[in-house]
Amino acid sequence: MYRLVFTQVLQRFDAEAVHRLTVAGLALLARLPLLKRLLHQAYAPHDPALRVSAFGVHFPGPLGLAAGFDKDAACAEGIAALGFSHVEVGTITAHGQPGNPRPRLFRLPRQRALINRMGFNNEGALAAARRLRRPRSVPVVVGVNIGKTKVVPESEAVGDYVASARTLAPLADYLVVNVSSPNTPGLRNLQAVTLLRPLLTAVKEVADATPRRTPLLVKIAPDLADDDIDAVADLALEIGLDGIIATNTTIRHSGEQGGLSGRPLKERSLEVLRRLRARVGDRLTLVSAGGVEDVDDVWERLLAGATLVQGYSGWIYGGPLWAARIHRQLAVRVRRHGMKSITEAIGRTA
């Protein structure tokens, strides 16, 4: 049914317009406590066999929504009610900014992919913080993804990230430093270890000083050379990060300018995950994102060493209850393999 609606209706409208309407609808749902609780009871993962713990945070299941959808922390509860175990909001910058000119979001239905060049359009850290302070009537793990304000020069990037961290880290279940979006000029330069070390060290000081000590992760690009992936992994271990998210979108494609996500990213994302697992073992939490379409993809990422998995494009093409469906299928698979918990699958083929 959803495929018919998508092909016959949604594809006729601008992708960003549909995205904005969807966020508005989910934000409205987040303000309707009874309906939200009913949906959460019906679709959120409740099976004890799916529970996962990572960096001191308890997740009801392994599959969450990647950053990029809920840019302003407007609808995390609504998203959770549809079956996601966690929602990563953002990317949020210290100062609000409009992002890049439109059009900036494109569908590639035949490839089940998206290209975006949004440019961190968001209302800024203070606006997001106001929303994150609101009481929640359904449980949801909320990660906060922070990035560099576009007008801030590279030489002042550390201070810009620290400003966001001071505002948002106390309100986040975990914090992510995004240095891998291709849509902010110069941002990916920060993945070089010489620049990344002082940045992560400064943000970690802020995260460590919050009342509950906010876990800190870094999100990397799939386009890094293998040696650079190793260097980032070594740095993460050296300074005591809690995890790495692999991967962001890729610029290695022939379509519109911007970052490509979805099915074409599947192979490289899995390669990066396996390389990270070989490098760090279980000393860091690995979160796999990129090209996740179905239960087989989630299961493969878990076996390869991911503790958590994130999707975005898969949800767009799979329909509103995509995450709920995958979590149900994972529960069946866990029992089919004679496991008591999905955690027994993590790293089995690493």
# chains A, B, ... in the order shown; residues from 1 in each chain; ligands from 1
call {"tool": "closest_atom_pairs", "arguments": {"of": "range 156-261 of chain A", "to": "range 62-80 of chain A", "cutoff": "12 Å", "atoms": "only C-alpha atoms", "output": "JSON lines"}}
result
{"residue": "A:Leu168", "atom": "CA", "partner": "A:Ala73", "partner_atom": "CA", "distance": 11.0}
{"residue": "A:Leu171", "atom": "CA", "partner": "A:Ala73", "partner_atom": "CA", "distance": 11.2}
{"residue": "A:Ala172", "atom": "CA", "partner": "A:Ala73", "partner_atom": "CA", "distance": 10.7}
{"residue": "A:Leu175", "atom": "CA", "partner": "A:Ala67", "partner_atom": "CA", "distance": 11.4}
{"residue": "A:Val176", "atom": "CA", "partner": "A:Ala67", "partner_atom": "CA", "distance": 9.5}
{"residue": "A:Val177", "atom": "CA", "partner": "A:Ala67", "partner_atom": "CA", "distance": 11.3}
{"residue": "A:Asn178", "atom": "CA", "partner": "A:Ala67", "partner_atom": "CA", "distance": 9.7}
{"residue": "A:Ser181", "atom": "CA", "partner": "A:Gly68", "partner_atom": "CA", "distance": 10.3}
{"residue": "A:Lys219", "atom": "CA", "partner": "A:Ala67", "partner_atom": "CA", "distance": 10.2}
{"residue": "A:Ile245", "atom": "CA", "partner": "A:Ala66", "partner_atom": "CA", "distance": 9.7}
{"residue": "A:Ala246", "atom": "CA", "partner": "A:Ala66", "partner_atom": "CA", "distance": 10.8}
{"residue": "A:Thr247", "atom": "CA", "partner": "A:Ala66", "partner_atom": "CA", "distance": 10.1}
{"residue": "A:Asn248", "atom": "CA", "partner": "A:Ala66", "partner_atom": "CA", "distance": 9.3}
{"residue": "A:Thr249", "atom": "CA", "partner": "A:Gly68", "partner_atom": "CA", "distance": 10.7}
{"residue": "A:Gly259", "atom": "CA", "partner": "A:Gly68", "partner_atom": "CA", "distance": 11.6}
{"residue": "A:Ser261", "atom": "CA", "partner": "A:Gly68", "partner_atom": "CA", "distance": 11.1}
call {"tool": "write_last_selection", "arguments": {"atoms": "all heavy atoms", "output": "CSV table (one decimal), in the first residue's frame"}}
result
chain,number,residue,atom,x,y,z
A,168,LEU,N,23.9,21.7,24.5
A,168,LEU,CA,23.1,20.5,24.2
A,168,LEU,C,23.5,19.2,24.9
A,168,LEU,O,22.7,18.3,25.2
A,168,LEU,CB,23.2,20.2,22.7
A,168,LEU,CG,22.5,21.3,21.8
A,168,LEU,CD1,22.9,21.1,20.4
A,168,LEU,CD2,21.0,21.4,22.0
A,171,LEU,N,21.5,17.7,27.8
A,171,LEU,CA,20.1,17.3,27.4
A,171,LEU,C,20.1,16.1,26.5
A,171,LEU,O,19.0,15.6,26.1
A,171,LEU,CB,19.4,18.5,26.7
A,171,LEU,CG,19.4,19.8,27.4
A,171,LEU,CD1,18.9,20.9,26.5
A,171,LEU,CD2,18.5,19.7,28.6
A,172,ALA,N,21.3,15.6,26.2
A,172,ALA,CA,21.4,14.5,25.2
A,172,ALA,C,21.6,13.2,26.0
A,172,ALA,O,22.4,13.1,27.0
A,172,ALA,CB,22.5,14.7,24.2
A,175,LEU,N,26.0,12.3,22.6
A,175,LEU,CA,26.4,13.4,21.7
A,175,LEU,C,27.3,12.9,20.6
A,175,LEU,O,28.1,12.0,20.8
A,175,LEU,CB,27.1,14.4,22.5
A,175,LEU,CG,27.4,15.8,21.9
A,175,LEU,CD1,26.1,16.6,21.7
A,175,LEU,CD2,28.4,16.6,22.8
A,176,VAL,N,27.1,13.4,19.4
A,176,VAL,CA,27.8,13.0,18.2
A,176,VAL,C,28.5,14.3,17.6
A,176,VAL,O,27.8,15.2,17.3
A,176,VAL,CB,26.9,12.3,17.1
A,176,VAL,CG1,27.8,11.9,15.9
A,176,VAL,CG2,26.2,11.2,17.8
A,177,VAL,N,29.8,14.2,17.3
A,177,VAL,CA,30.5,15.2,16.6
A,177,VAL,C,30.5,14.8,15.1
A,177,VAL,O,31.0,13.8,14.7
A,177,VAL,CB,31.9,15.4,17.1
A,177,VAL,CG1,32.7,16.3,16.2
A,177,VAL,CG2,31.9,16.0,18.5
A,178,ASN,N,29.8,15.6,14.3
A,178,ASN,CA,29.7,15.4,12.9
A,178,ASN,C,30.8,16.2,12.1
A,178,ASN,O,30.7,17.4,12.1
A,178,ASN,CB,28.3,15.7,12.4
A,178,ASN,CG,28.1,15.4,10.9
A,178,ASN,OD1,29.0,15.0,10.2
A,178,ASN,ND2,26.9,15.6,10.4
A,181,SER,N,29.9,15.5,7.0
A,181,SER,CA,28.9,15.9,6.0
A,181,SER,C,29.7,16.6,4.8
A,181,SER,O,30.6,17.4,5.0
A,181,SER,CB,27.9,16.9,6.5
A,181,SER,OG,27.2,17.5,5.5
A,219,LYS,N,31.2,10.9,14.0
A,219,LYS,CA,30.6,10.3,12.8
A,219,LYS,C,31.6,10.6,11.6
A,219,LYS,O,32.0,11.7,11.4
A,219,LYS,CB,29.2,10.9,12.5
A,219,LYS,CG,28.5,10.2,11.3
A,219,LYS,CD,27.1,10.7,11.3
A,219,LYS,CE,26.3,9.9,10.2
A,219,LYS,NZ,24.9,10.2,10.2
A,245,ILE,N,30.3,6.4,14.6
A,245,ILE,CA,29.2,6.1,13.7
A,245,ILE,C,29.8,6.1,12.3
A,245,ILE,O,30.4,7.0,11.9
A,245,ILE,CB,28.1,7.2,13.8
A,245,ILE,CG1,27.6,7.2,15.3
A,245,ILE,CG2,27.0,6.9,12.8
A,245,ILE,CD1,26.5,8.3,15.5
A,246,ALA,N,29.5,4.9,11.6
A,246,ALA,CA,30.0,4.7,10.3
A,246,ALA,C,28.9,4.2,9.4
A,246,ALA,O,28.4,3.1,9.7
A,246,ALA,CB,31.2,3.8,10.3
A,247,THR,N,28.4,5.0,8.5
A,247,THR,CA,29.1,6.2,7.9
A,247,THR,C,28.1,7.2,7.5
A,247,THR,O,26.9,7.0,7.5
A,247,THR,CB,29.9,5.8,6.6
A,247,THR,OG1,28.9,5.3,5.7
A,247,THR,CG2,30.9,4.8,6.9
A,248,ASN,N,28.6,8.4,7.2
A,248,ASN,CA,27.8,9.5,6.6
A,248,ASN,C,27.5,9.2,5.1
A,248,ASN,O,27.8,8.1,4.7
A,248,ASN,CB,28.5,10.8,6.8
A,248,ASN,CG,27.5,12.0,7.0
A,248,ASN,OD1,26.5,12.1,6.3
A,248,ASN,ND2,27.8,12.8,8.0
A,249,THR,N,27.1,10.2,4.4
A,249,THR,CA,26.8,10.0,3.0
A,249,THR,C,28.1,10.1,2.2
A,249,THR,O,29.1,10.5,2.7
A,249,THR,CB,25.9,11.1,2.5
A,249,THR,OG1,26.4,12.4,2.8
A,249,THR,CG2,24.5,11.0,3.2
A,259,GLY,N,25.5,14.7,-0.9
A,259,GLY,CA,25.8,13.4,-0.4
A,259,GLY,C,24.8,12.4,-0.7
A,259,GLY,O,23.6,12.6,-0.6
A,261,SER,N,22.9,8.8,-0.1
A,261,SER,CA,22.6,7.8,0.9
A,261,SER,C,21.7,6.7,0.3
A,261,SER,O,21.2,6.9,-0.8
A,261,SER,CB,21.9,8.5,2.1
A,261,SER,OG,20.7,9.0,1.7
call {"tool": "residues_around", "arguments": {"residues": "Ile316 in chain A", "least_positions_apart": "5", "cutoff": "10 Å", "atoms": "only C-alpha atoms", "output": "list in words"}}
result
Phe6, His19, Arg107, Arg112, Ala113, Leu114, Gly262, Glu293, Gly311 and Trp322 of chain A
call {"tool": "select_by_dssp", "arguments": {"residues": "range 152-313 of chain A", "states": "strand (DSSP E)", "output": "list in words"}}
result
Tyr174, Leu175, Val176, Val177, Asn178, Leu216, Leu217, Val218, Lys219, Ile220, Gly243, Ile244, Ile245, Ala246, Gly259, Leu260, Ser261, Gly262, Thr285, Leu286, Val287, Ser288, Ala289, Leu308, Val309, Gln310 and Gly311 of chain A
call {"tool": "write_last_selection", "arguments": {"atoms": "N, CA and C atoms", "output": "mmCIF file, in the first residue's frame"}}
result
data_model
loop_
_atom_site.group_PDB
_atom_site.id
_atom_site.type_symbol
_atom_site.label_atom_id
_atom_site.label_comp_id
_atom_site.auth_asym_id
_atom_site.auth_seq_id
_atom_site.Cartn_x
_atom_site.Cartn_y
_atom_site.Cartn_z
ATOM 1 N N TYR A 174 23.195 10.842 24.262
ATOM 2 C CA TYR A 174 24.562 10.740 23.756
ATOM 3 C C TYR A 174 24.778 11.880 22.776
ATOM 4 N N LEU A 175 26.032 12.256 22.569
ATOM 5 C CA LEU A 175 26.389 13.387 21.717
ATOM 6 C C LEU A 175 27.277 12.895 20.580
ATOM 7 N N VAL A 176 27.056 13.432 19.376
ATOM 8 C CA VAL A 176 27.822 13.023 18.196
ATOM 9 C C VAL A 176 28.473 14.251 17.560
ATOM 10 N N VAL A 177 29.767 14.174 17.327
ATOM 11 C CA VAL A 177 30.477 15.214 16.578
ATOM 12 C C VAL A 177 30.472 14.813 15.109
ATOM 13 N N ASN A 178 29.816 15.620 14.307
ATOM 14 C CA ASN A 178 29.715 15.360 12.863
ATOM 15 C C ASN A 178 30.792 16.170 12.142
ATOM 16 N N LEU A 216 30.174 10.354 24.187
ATOM 17 C CA LEU A 216 30.560 11.107 22.995
ATOM 18 C C LEU A 216 31.007 10.159 21.893
ATOM 19 N N LEU A 217 30.464 10.387 20.681
ATOM 20 C CA LEU A 217 30.830 9.611 19.501
ATOM 21 C C LEU A 217 31.233 10.566 18.393
ATOM 22 N N VAL A 218 31.915 10.044 17.380
ATOM 23 C CA VAL A 218 32.253 10.812 16.194
ATOM 24 C C VAL A 218 31.678 10.096 14.980
ATOM 25 N N LYS A 219 31.180 10.863 14.019
ATOM 26 C CA LYS A 219 30.613 10.290 12.793
ATOM 27 C C LYS A 219 31.559 10.554 11.635
ATOM 28 N N ILE A 220 31.899 9.484 10.901
ATOM 29 C CA ILE A 220 32.905 9.601 9.847
ATOM 30 C C ILE A 220 32.300 9.328 8.470
ATOM 31 N N GLY A 243 32.338 5.873 21.095
ATOM 32 C CA GLY A 243 31.996 5.121 19.902
ATOM 33 C C GLY A 243 32.225 5.902 18.624
ATOM 34 N N ILE A 244 31.977 5.212 17.517
ATOM 35 C CA ILE A 244 32.113 5.783 16.171
ATOM 36 C C ILE A 244 30.856 5.409 15.377
ATOM 37 N N ILE A 245 30.315 6.378 14.649
ATOM 38 C CA ILE A 245 29.207 6.115 13.737
ATOM 39 C C ILE A 245 29.758 6.074 12.319
ATOM 40 N N ALA A 246 29.524 4.947 11.639
ATOM 41 C CA ALA A 246 30.040 4.749 10.289
ATOM 42 C C ALA A 246 28.903 4.212 9.411
ATOM 43 N N GLY A 259 25.528 14.717 -0.940
ATOM 44 C CA GLY A 259 25.838 13.428 -0.362
ATOM 45 C C GLY A 259 24.797 12.380 -0.725
ATOM 46 N N LEU A 260 25.270 11.237 -1.170
ATOM 47 C CA LEU A 260 24.393 10.140 -1.578
ATOM 48 C C LEU A 260 24.206 9.177 -0.411
ATOM 49 N N SER A 261 22.942 8.818 -0.139
ATOM 50 C CA SER A 261 22.635 7.820 0.886
ATOM 51 C C SER A 261 21.747 6.745 0.276
ATOM 52 N N GLY A 262 21.560 5.650 1.019
ATOM 53 C CA GLY A 262 20.694 4.584 0.528
ATOM 54 C C GLY A 262 21.476 3.410 -0.016
ATOM 55 N N THR A 285 31.892 1.354 21.037
ATOM 56 C CA THR A 285 30.594 1.044 20.451
ATOM 57 C C THR A 285 30.600 1.485 18.994
ATOM 58 N N LEU A 286 30.279 0.576 18.095
ATOM 59 C CA LEU A 286 30.197 0.905 16.674
ATOM 60 C C LEU A 286 28.732 0.986 16.270
ATOM 61 N N VAL A 287 28.395 2.075 15.614
ATOM 62 C CA VAL A 287 27.039 2.299 15.114
ATOM 63 C C VAL A 287 27.119 2.309 13.596
ATOM 64 N N SER A 288 26.377 1.417 12.956
ATOM 65 C CA SER A 288 26.458 1.288 11.502
ATOM 66 C C SER A 288 25.291 1.997 10.834
ATOM 67 N N ALA A 289 25.596 2.837 9.864
ATOM 68 C CA ALA A 289 24.575 3.557 9.092
ATOM 69 C C ALA A 289 25.023 3.597 7.633
ATOM 70 N N LEU A 308 24.663 -0.934 17.470
ATOM 71 C CA LEU A 308 23.458 -0.231 17.038
ATOM 72 C C LEU A 308 23.522 -0.025 15.527
ATOM 73 N N VAL A 309 22.350 0.087 14.919
ATOM 74 C CA VAL A 309 22.244 0.309 13.479
ATOM 75 C C VAL A 309 21.283 1.475 13.274
ATOM 76 N N GLN A 310 21.568 2.296 12.270
ATOM 77 C CA GLN A 310 20.702 3.427 11.970
ATOM 78 C C GLN A 310 20.288 3.419 10.500
ATOM 79 N N GLY A 311 19.073 3.872 10.231
ATOM 80 C CA GLY A 311 18.578 4.007 8.878
ATOM 81 C C GLY A 311 17.991 5.381 8.649
#
call {"tool": "closest_atom_pairs", "arguments": {"of": "range 105-189 of chain A", "to": "range 56-61 of chain A", "cutoff": "9 Å", "atoms": "only C-alpha atoms", "output": "Markdown table"}}
result
| residue | atom | partner | partner_atom | distance |
| --- | --- | --- | --- | --- |
| A:Val140 | CA | A:Phe59 | CA | 8.4 |
| A:Val141 | CA | A:Phe59 | CA | 6.9 |
| A:Asp173 | CA | A:Val57 | CA | 7.2 |
| A:Tyr174 | CA | A:Val57 | CA | 8.3 |
call {"tool": "write_last_selection", "arguments": {"atoms": "all heavy atoms", "output": "PDB file, in the first residue's frame"}}
result
ATOM      1  N   VAL A 140      12.127   7.459  24.913  1.00  0.00           N
ATOM      2  CA  VAL A 140      12.883   7.479  23.670  1.00  0.00           C
ATOM      3  C   VAL A 140      14.309   7.923  23.973  1.00  0.00           C
ATOM      4  O   VAL A 140      14.526   8.884  24.715  1.00  0.00           O
ATOM      5  CB  VAL A 140      12.240   8.413  22.616  1.00  0.00           C
ATOM      6  CG1 VAL A 140      11.989   9.806  23.164  1.00  0.00           C
ATOM      7  CG2 VAL A 140      13.103   8.499  21.359  1.00  0.00           C
ATOM      8  N   VAL A 141      15.271   7.198  23.446  1.00  0.00           N
ATOM      9  CA  VAL A 141      16.675   7.594  23.551  1.00  0.00           C
ATOM     10  C   VAL A 141      16.943   8.625  22.465  1.00  0.00           C
ATOM     11  O   VAL A 141      16.681   8.380  21.287  1.00  0.00           O
ATOM     12  CB  VAL A 141      17.604   6.384  23.374  1.00  0.00           C
ATOM     13  CG1 VAL A 141      19.070   6.826  23.371  1.00  0.00           C
ATOM     14  CG2 VAL A 141      17.360   5.355  24.478  1.00  0.00           C
ATOM     15  N   ASP A 173      21.086  12.055  25.428  1.00  0.00           N
ATOM     16  CA  ASP A 173      21.457  10.733  25.929  1.00  0.00           C
ATOM     17  C   ASP A 173      22.828  10.332  25.417  1.00  0.00           C
ATOM     18  O   ASP A 173      23.533   9.552  26.052  1.00  0.00           O
ATOM     19  CB  ASP A 173      20.409   9.699  25.510  1.00  0.00           C
ATOM     20  CG  ASP A 173      19.076   9.914  26.222  1.00  0.00           C
ATOM     21  OD1 ASP A 173      19.086  10.000  27.467  1.00  0.00           O
ATOM     22  OD2 ASP A 173      18.046  10.007  25.541  1.00  0.00           O
ATOM     23  N   TYR A 174      23.195  10.842  24.262  1.00  0.00           N
ATOM     24  CA  TYR A 174      24.562  10.740  23.756  1.00  0.00           C
ATOM     25  C   TYR A 174      24.778  11.880  22.776  1.00  0.00           C
ATOM     26  O   TYR A 174      23.823  12.443  22.229  1.00  0.00           O
ATOM     27  CB  TYR A 174      24.855   9.376  23.121  1.00  0.00           C
ATOM     28  CG  TYR A 174      24.101   9.081  21.834  1.00  0.00           C
ATOM     29  CD1 TYR A 174      24.629   9.420  20.593  1.00  0.00           C
ATOM     30  CD2 TYR A 174      22.871   8.439  21.866  1.00  0.00           C
ATOM     31  CE1 TYR A 174      23.957   9.142  19.419  1.00  0.00           C
ATOM     32  CE2 TYR A 174      22.180   8.155  20.696  1.00  0.00           C
ATOM     33  CZ  TYR A 174      22.722   8.503  19.482  1.00  0.00           C
ATOM     34  OH  TYR A 174      22.045   8.235  18.309  1.00  0.00           O
TER      35      TYR A 174
END
call {"tool": "closest_residue", "arguments": {"among": "A:Gly83, A:Leu10, A:Ser164, A:Thr194", "to": "Thr22 in chain A", "atoms": "only C-alpha atoms"}}
result
A:Leu10
call {"tool": "select_by_dssp", "arguments": {"residues": "range 13-253 of chain A", "states": "helix (DSSP H, G or I)", "output": "VMD selection string"}}
result
chain A and resid 15 to 30 33 to 43 48 to 50 76 to 80 109 to 111 125 to 132 154 to 171 187 to 191 193 to 208 226 to 239
call {"tool": "residues_around", "arguments": {"residues": "Arg37 in chain A", "least_positions_apart": "2", "cutoff": "8 Å", "atoms": "only C-alpha atoms", "output": "list of chain:residue names"}}
result
A:Pro33, A:Leu34, A:Leu35, A:Leu39, A:His40, A:Gln41, A:Ala81, A:Ser137, A:Val138
call {"tool": "residues_around", "arguments": {"residues": "range 227-240 of chain A", "least_positions_apart": "3", "cutoff": "7 Å", "atoms": "only C-alpha atoms", "output": "list of chain:residue names"}}
result
A:Val193, A:Thr201, A:Leu224, A:Leu276, A:Arg279, A:Val280
call {"tool": "atom_distance", "arguments": {"atom1": "CA of Lys266 in chain A", "atom2": "CA of His46 in chain A"}}
result
27.9 Å
call {"tool": "closest_residue", "arguments": {"among": "A:Phe55, A:Asn100, A:Thr184, A:Phe84", "to": "Leu241 in chain A", "atoms": "only C-alpha atoms"}}
result
A:Phe55
call {"tool": "residues_around", "arguments": {"residues": "Pro185 in chain A", "least_positions_apart": "5", "cutoff": "10 Å", "atoms": "only C-alpha atoms", "output": "JSON, numbers by chain"}}
result
{"A": [119, 148, 150, 151, 153, 154]}
call {"tool": "residues_around", "arguments": {"residues": "Ile346 in chain A", "least_positions_apart": "2", "cutoff": "8 Å", "atoms": "only C-alpha atoms", "output": "JSON, numbers by chain"}}
result
{"A": [302, 303, 304, 305, 306, 307, 342, 343, 344, 348]}
call {"tool": "atom_distance", "arguments": {"atom1": "CA of Pro170 in chain A", "atom2": "CA of Thr210 in chain A"}}
result
5.5 Å
call {"tool": "decode", "arguments": {"residues": "range 134-151 of chain A", "atoms": "N, CA, C and O atoms", "output": "tab-separated table (two decimals), in the first residue's frame"}}
result
chain	number	residue	atom	x	y	z
A	134	ARG	N	11.57	19.68	27.00
A	134	ARG	CA	10.17	19.34	27.22
A	134	ARG	C	10.05	17.94	27.82
A	134	ARG	O	10.76	17.01	27.41
A	135	PRO	N	9.13	17.76	28.77
A	135	PRO	CA	8.91	16.41	29.32
A	135	PRO	C	8.45	15.45	28.22
A	135	PRO	O	7.73	15.84	27.29
A	136	ARG	N	8.87	14.19	28.31
A	136	ARG	CA	8.48	13.17	27.34
A	136	ARG	C	7.47	12.22	27.97
A	136	ARG	O	7.67	11.76	29.08
A	137	SER	N	6.43	11.93	27.21
A	137	SER	CA	5.39	11.04	27.72
A	137	SER	C	5.57	9.60	27.23
A	137	SER	O	4.86	8.71	27.67
A	138	VAL	N	6.50	9.37	26.31
A	138	VAL	CA	6.89	8.01	25.92
A	138	VAL	C	8.41	7.94	25.98
A	138	VAL	O	9.10	8.93	25.70
A	139	PRO	N	8.96	6.78	26.34
A	139	PRO	CA	10.42	6.68	26.43
A	139	PRO	C	11.07	6.69	25.05
A	139	PRO	O	10.62	6.01	24.14
A	140	VAL	N	12.13	7.46	24.91
A	140	VAL	CA	12.88	7.48	23.67
A	140	VAL	C	14.31	7.92	23.97
A	140	VAL	O	14.53	8.88	24.72
A	141	VAL	N	15.27	7.20	23.45
A	141	VAL	CA	16.67	7.59	23.55
A	141	VAL	C	16.94	8.63	22.46
A	141	VAL	O	16.68	8.38	21.29
A	142	VAL	N	17.45	9.80	22.86
A	142	VAL	CA	17.70	10.89	21.91
A	142	VAL	C	19.18	11.21	21.89
A	142	VAL	O	19.76	11.66	22.89
A	143	GLY	N	19.80	10.97	20.75
A	143	GLY	CA	21.16	11.42	20.52
A	143	GLY	C	21.14	12.78	19.85
A	143	GLY	O	20.20	13.10	19.12
A	144	VAL	N	22.15	13.58	20.11
A	144	VAL	CA	22.23	14.92	19.52
A	144	VAL	C	23.50	15.01	18.67
A	144	VAL	O	24.61	14.80	19.18
A	145	ASN	N	23.31	15.31	17.40
A	145	ASN	CA	24.39	15.40	16.43
A	145	ASN	C	24.72	16.87	16.20
A	145	ASN	O	23.84	17.65	15.83
A	146	ILE	N	25.98	17.27	16.44
A	146	ILE	CA	26.36	18.67	16.29
A	146	ILE	C	27.38	18.84	15.17
A	146	ILE	O	28.20	17.96	14.91
A	147	GLY	N	27.29	20.00	14.50
A	147	GLY	CA	28.19	20.30	13.39
A	147	GLY	C	28.68	21.73	13.45
A	147	GLY	O	28.29	22.51	14.33
A	148	LYS	N	29.50	22.11	12.49
A	148	LYS	CA	30.08	23.45	12.44
A	148	LYS	C	29.14	24.42	11.73
A	148	LYS	O	28.62	24.13	10.66
A	149	THR	N	28.96	25.59	12.33
A	149	THR	CA	28.23	26.67	11.67
A	149	THR	C	28.99	27.08	10.41
A	149	THR	O	30.22	27.25	10.43
A	150	LYS	N	28.28	27.23	9.30
A	150	LYS	CA	28.92	27.44	8.01
A	150	LYS	C	29.82	28.67	7.99
A	150	LYS	O	30.93	28.63	7.42
A	151	VAL	N	29.39	29.79	8.59
A	151	VAL	CA	30.16	31.03	8.49
A	151	VAL	C	31.37	31.04	9.41
A	151	VAL	O	32.22	31.93	9.32
